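Here the structure is laid out as structure tokens; the discussion comes afterwards.
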Amino acid sequence: MKVAAIQMVSCPRPQDNLATARSLLEQAAQAGAELAVLPEYFCIMGLRDTDKLAHQEVPGQGPIQDFLARTARELGLWIVGGTLPLRTTDPERVRNTTLVFAPDGACVARYDKIHLFWFDNGREQFHEGRVIEPGDNAPVQFDLLARDGHRWRVGLSVCYDLRFPELFRAHASAGADLLLVPSAFTHVTGQAHWEVLLRARAIENLAYVVAPAQGGVHENGRHTWGQSLVADPWGQVLAQQAQGPGVVLAELDPARLRSVRQQLPALAHRIL
């Protein structure tokens with residue numbers, strides 16, 4: 001199965017971001033991808049954290065969700081919608097939510113980010129909890145039936161979740177063989193930890209990893225790391241893009257997955 005990790009440099013204007021996403025998703029579909037995964041905050045990277053409040057949507061309705069459903073249907077793609085802001089009972093906070101759309105346009109899975117990023121090195125400060133309410137529905141998987149008839153069990157995560165291996169082990173315990181990590185890593189943390197953590201999650205869980213990211217300098221001055229990639233169950237990077245908008249394509253091979261898990265059945269050797 002061919003997959004696409006979509007890299008973006010999102011701006012404060014949702015319509016511009018949706019237009020960019022549409023173009024990149026069309027490229028993915030034309031290249032033969034069956035699954036395309038958008039990055040975290042693909043629909044808005046505001047000038048302030050609170051800007052996302054003005055674009056929050058009710059679950060099941062809104063222009064961003066309509067865009068994802070329509071695009072999945074028109075392109076015949078499985079689309080994982082990075083993250084978008086969904087309404088909560090608290091008017092000052094939203095959920096940072098991943099929605100999965102099947103090729104018929106149906107929404108088949110929802111994951112609300114559970115680990116909220118906090119970082120302060122004296123020069124940059126991030127505190128997602130000021131505007132985002134953590135989710136309580138992890139772990140979330142969905143089944144994807146590929147065109148060749150192989151069924152993939154897919155585990156969902158978002159960005160900062162990557163630092164919490166217990167979430168990914170829970171996915172593996174539930175049978176996941178493909179892990180998705182839509183992200184917006186900072187340049188500082190990404191340079192230090194992005195690739196090594198992604199490859200570790202692949203190796204630990206003997207699973208493919210698809211990690212689309214924001215990658216560039218945004219209008220709000222934030223510099224995201226990019227380096228969107230696909231890694232195989234042995235931790236090898238199959239495809240990667242440094243910075244800027246683009247489509248990172250790779251083939252996932254069920255035979256490769258079986259071979260690695262047979263050669264090193266580490267998941268069956270767990271004690272704890």
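In the structure tokens, the first chain shown is A, the next is B, and so on; residue numbers restart at 1 for each chain, and ligands run from 1 in the order shown.
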For A:Thr50, list every protein, DNA or RNA residue within 10 Å, evaluated using only C-alpha atoms, and leave out those in the same chain fewer than 6 positions away; present the list as a PyMOL selection string. chain A and resi 92-94+130-132
Filtering to N, CA and C atoms, could you give me those residues as an mmCIF file, in the first residue's frame?
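This is the output file selection01.cif:
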```
data_model
loop_
_atom_site.group_PDB
_atom_site.id
_atom_site.type_symbol
_atom_site.label_atom_id
_atom_site.label_comp_id
_atom_site.auth_asym_id
_atom_site.auth_seq_id
_atom_site.Cartn_x
_atom_site.Cartn_y
_atom_site.Cartn_z
ATOM 1 N N GLU A 92 -13.195 28.531 26.553
ATOM 2 C CA GLU A 92 -11.818 29.016 26.405
ATOM 3 C C GLU A 92 -10.862 27.933 25.920
ATOM 4 N N ARG A 93 -11.376 26.715 25.695
ATOM 5 C CA ARG A 93 -10.486 25.633 25.277
ATOM 6 C C ARG A 93 -11.182 24.730 24.262
ATOM 7 N N VAL A 94 -10.364 24.120 23.409
ATOM 8 C CA VAL A 94 -10.855 23.194 22.389
ATOM 9 C C VAL A 94 -10.114 21.866 22.534
ATOM 10 N N ARG A 130 -3.187 25.845 27.908
ATOM 11 C CA ARG A 130 -3.897 27.107 28.088
ATOM 12 C C ARG A 130 -5.133 27.191 27.194
ATOM 13 N N VAL A 131 -5.060 26.549 26.028
ATOM 14 C CA VAL A 131 -6.142 26.663 25.053
ATOM 15 C C VAL A 131 -6.728 25.294 24.680
ATOM 16 N N ILE A 132 -6.008 24.235 24.976
ATOM 17 C CA ILE A 132 -6.441 22.893 24.568
ATOM 18 C C ILE A 132 -6.813 22.065 25.788
#
```
Quick one: which stretch 95-114 of chain A residues come within 9 Å of stretch 27-44 of chain A, and what is the nearest atom pair for each with the distance in Å to one decimal, counting only C-alpha atoms, rows ordered by chain and ascending number, as CSV?
```
residue,atom,partner,partner_atom,distance
A:Asn96,CA,A:Tyr41,CA,8.3
A:Thr97,CA,A:Glu40,CA,8.9
A:Thr98,CA,A:Glu40,CA,8.2
A:Pro103,CA,A:Glu34,CA,8.8
```
Among stretch 107-259 of chain A, which residues carry a DSSP assignment of strand (DSSP E), reported as a PyMOL selection string? chain A and resi 107-112+118-120+125-127+141-145+151-156+178-180+208-211+215-217+223-225+228-231+237-241+246-251
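Using only C-alpha atoms, the smallest distance between any of A:Ile6, A:Pro14, A:Gln236, A:Leu267 and A:Val181 comes from A:Ile6.
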Pick out the residues sitting within 12 Å of stretch 70-79 of chain A, and hand them over as a PyMOL selection string; count only C-alpha atoms, and ignore anything fewer than 3 positions along from it in its own chain. chain A and resi 1-6+18-19+21-39+62-67+82-83+98-109+142-147+154+180+182
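The coordinates place atom CA of A:Gln262 at 28.3 Å from atom CA of A:Ser228.
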For A:Gln7, list every protein, DNA or RNA residue within 7 Å, evaluated using only C-alpha atoms, and leave out those in the same chain fewer than 6 positions away; present the list as a ChimeraX atom specification. /A:39,212-215,228,244-247
Go ahead and dump the residues you just picked, N, CA, C and O atoms, as an mmCIF file, in the first residue's frame.
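Final output, again_0.cif:
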```cif
data_model
loop_
_atom_site.group_PDB
_atom_site.id
_atom_site.type_symbol
_atom_site.label_atom_id
_atom_site.label_comp_id
_atom_site.auth_asym_id
_atom_site.auth_seq_id
_atom_site.Cartn_x
_atom_site.Cartn_y
_atom_site.Cartn_z
ATOM 1 N N PRO A 39 -0.607 17.045 8.530
ATOM 2 C CA PRO A 39 0.090 17.336 9.784
ATOM 3 C C PRO A 39 -0.821 17.970 10.837
ATOM 4 O O PRO A 39 -1.931 18.432 10.537
ATOM 5 N N PRO A 212 3.714 12.886 9.266
ATOM 6 C CA PRO A 212 3.690 14.160 8.547
ATOM 7 C C PRO A 212 3.875 15.310 9.528
ATOM 8 O O PRO A 212 3.469 15.214 10.694
ATOM 9 N N ALA A 213 4.471 16.394 9.065
ATOM 10 C CA ALA A 213 4.794 17.482 9.990
ATOM 11 C C ALA A 213 4.621 18.846 9.330
ATOM 12 O O ALA A 213 4.602 18.965 8.107
ATOM 13 N N GLN A 214 4.498 19.838 10.169
ATOM 14 C CA GLN A 214 4.691 21.215 9.732
ATOM 15 C C GLN A 214 6.197 21.417 9.549
ATOM 16 O O GLN A 214 6.992 20.954 10.370
ATOM 17 N N GLY A 215 6.587 22.165 8.491
ATOM 18 C CA GLY A 215 8.017 22.273 8.220
ATOM 19 C C GLY A 215 8.427 23.572 7.563
ATOM 20 O O GLY A 215 8.487 23.671 6.337
ATOM 21 N N SER A 228 9.236 15.416 7.608
ATOM 22 C CA SER A 228 8.193 14.395 7.525
ATOM 23 C C SER A 228 8.783 13.108 6.956
ATOM 24 O O SER A 228 9.596 13.148 6.023
ATOM 25 N N GLY A 244 9.441 22.781 3.922
ATOM 26 C CA GLY A 244 8.546 23.227 2.872
ATOM 27 C C GLY A 244 7.419 22.253 2.587
ATOM 28 O O GLY A 244 7.482 21.078 2.944
ATOM 29 N N PRO A 245 6.350 22.755 1.920
ATOM 30 C CA PRO A 245 5.217 21.896 1.582
ATOM 31 C C PRO A 245 5.640 20.782 0.635
ATOM 32 O O PRO A 245 6.481 20.977 -0.244
ATOM 33 N N GLY A 246 5.042 19.610 0.815
ATOM 34 C CA GLY A 246 5.383 18.506 -0.067
ATOM 35 C C GLY A 246 4.667 17.229 0.306
ATOM 36 O O GLY A 246 3.962 17.165 1.311
ATOM 37 N N VAL A 247 4.866 16.210 -0.507
ATOM 38 C CA VAL A 247 4.238 14.904 -0.330
ATOM 39 C C VAL A 247 5.348 13.860 -0.214
ATOM 40 O O VAL A 247 6.142 13.689 -1.135
#
```
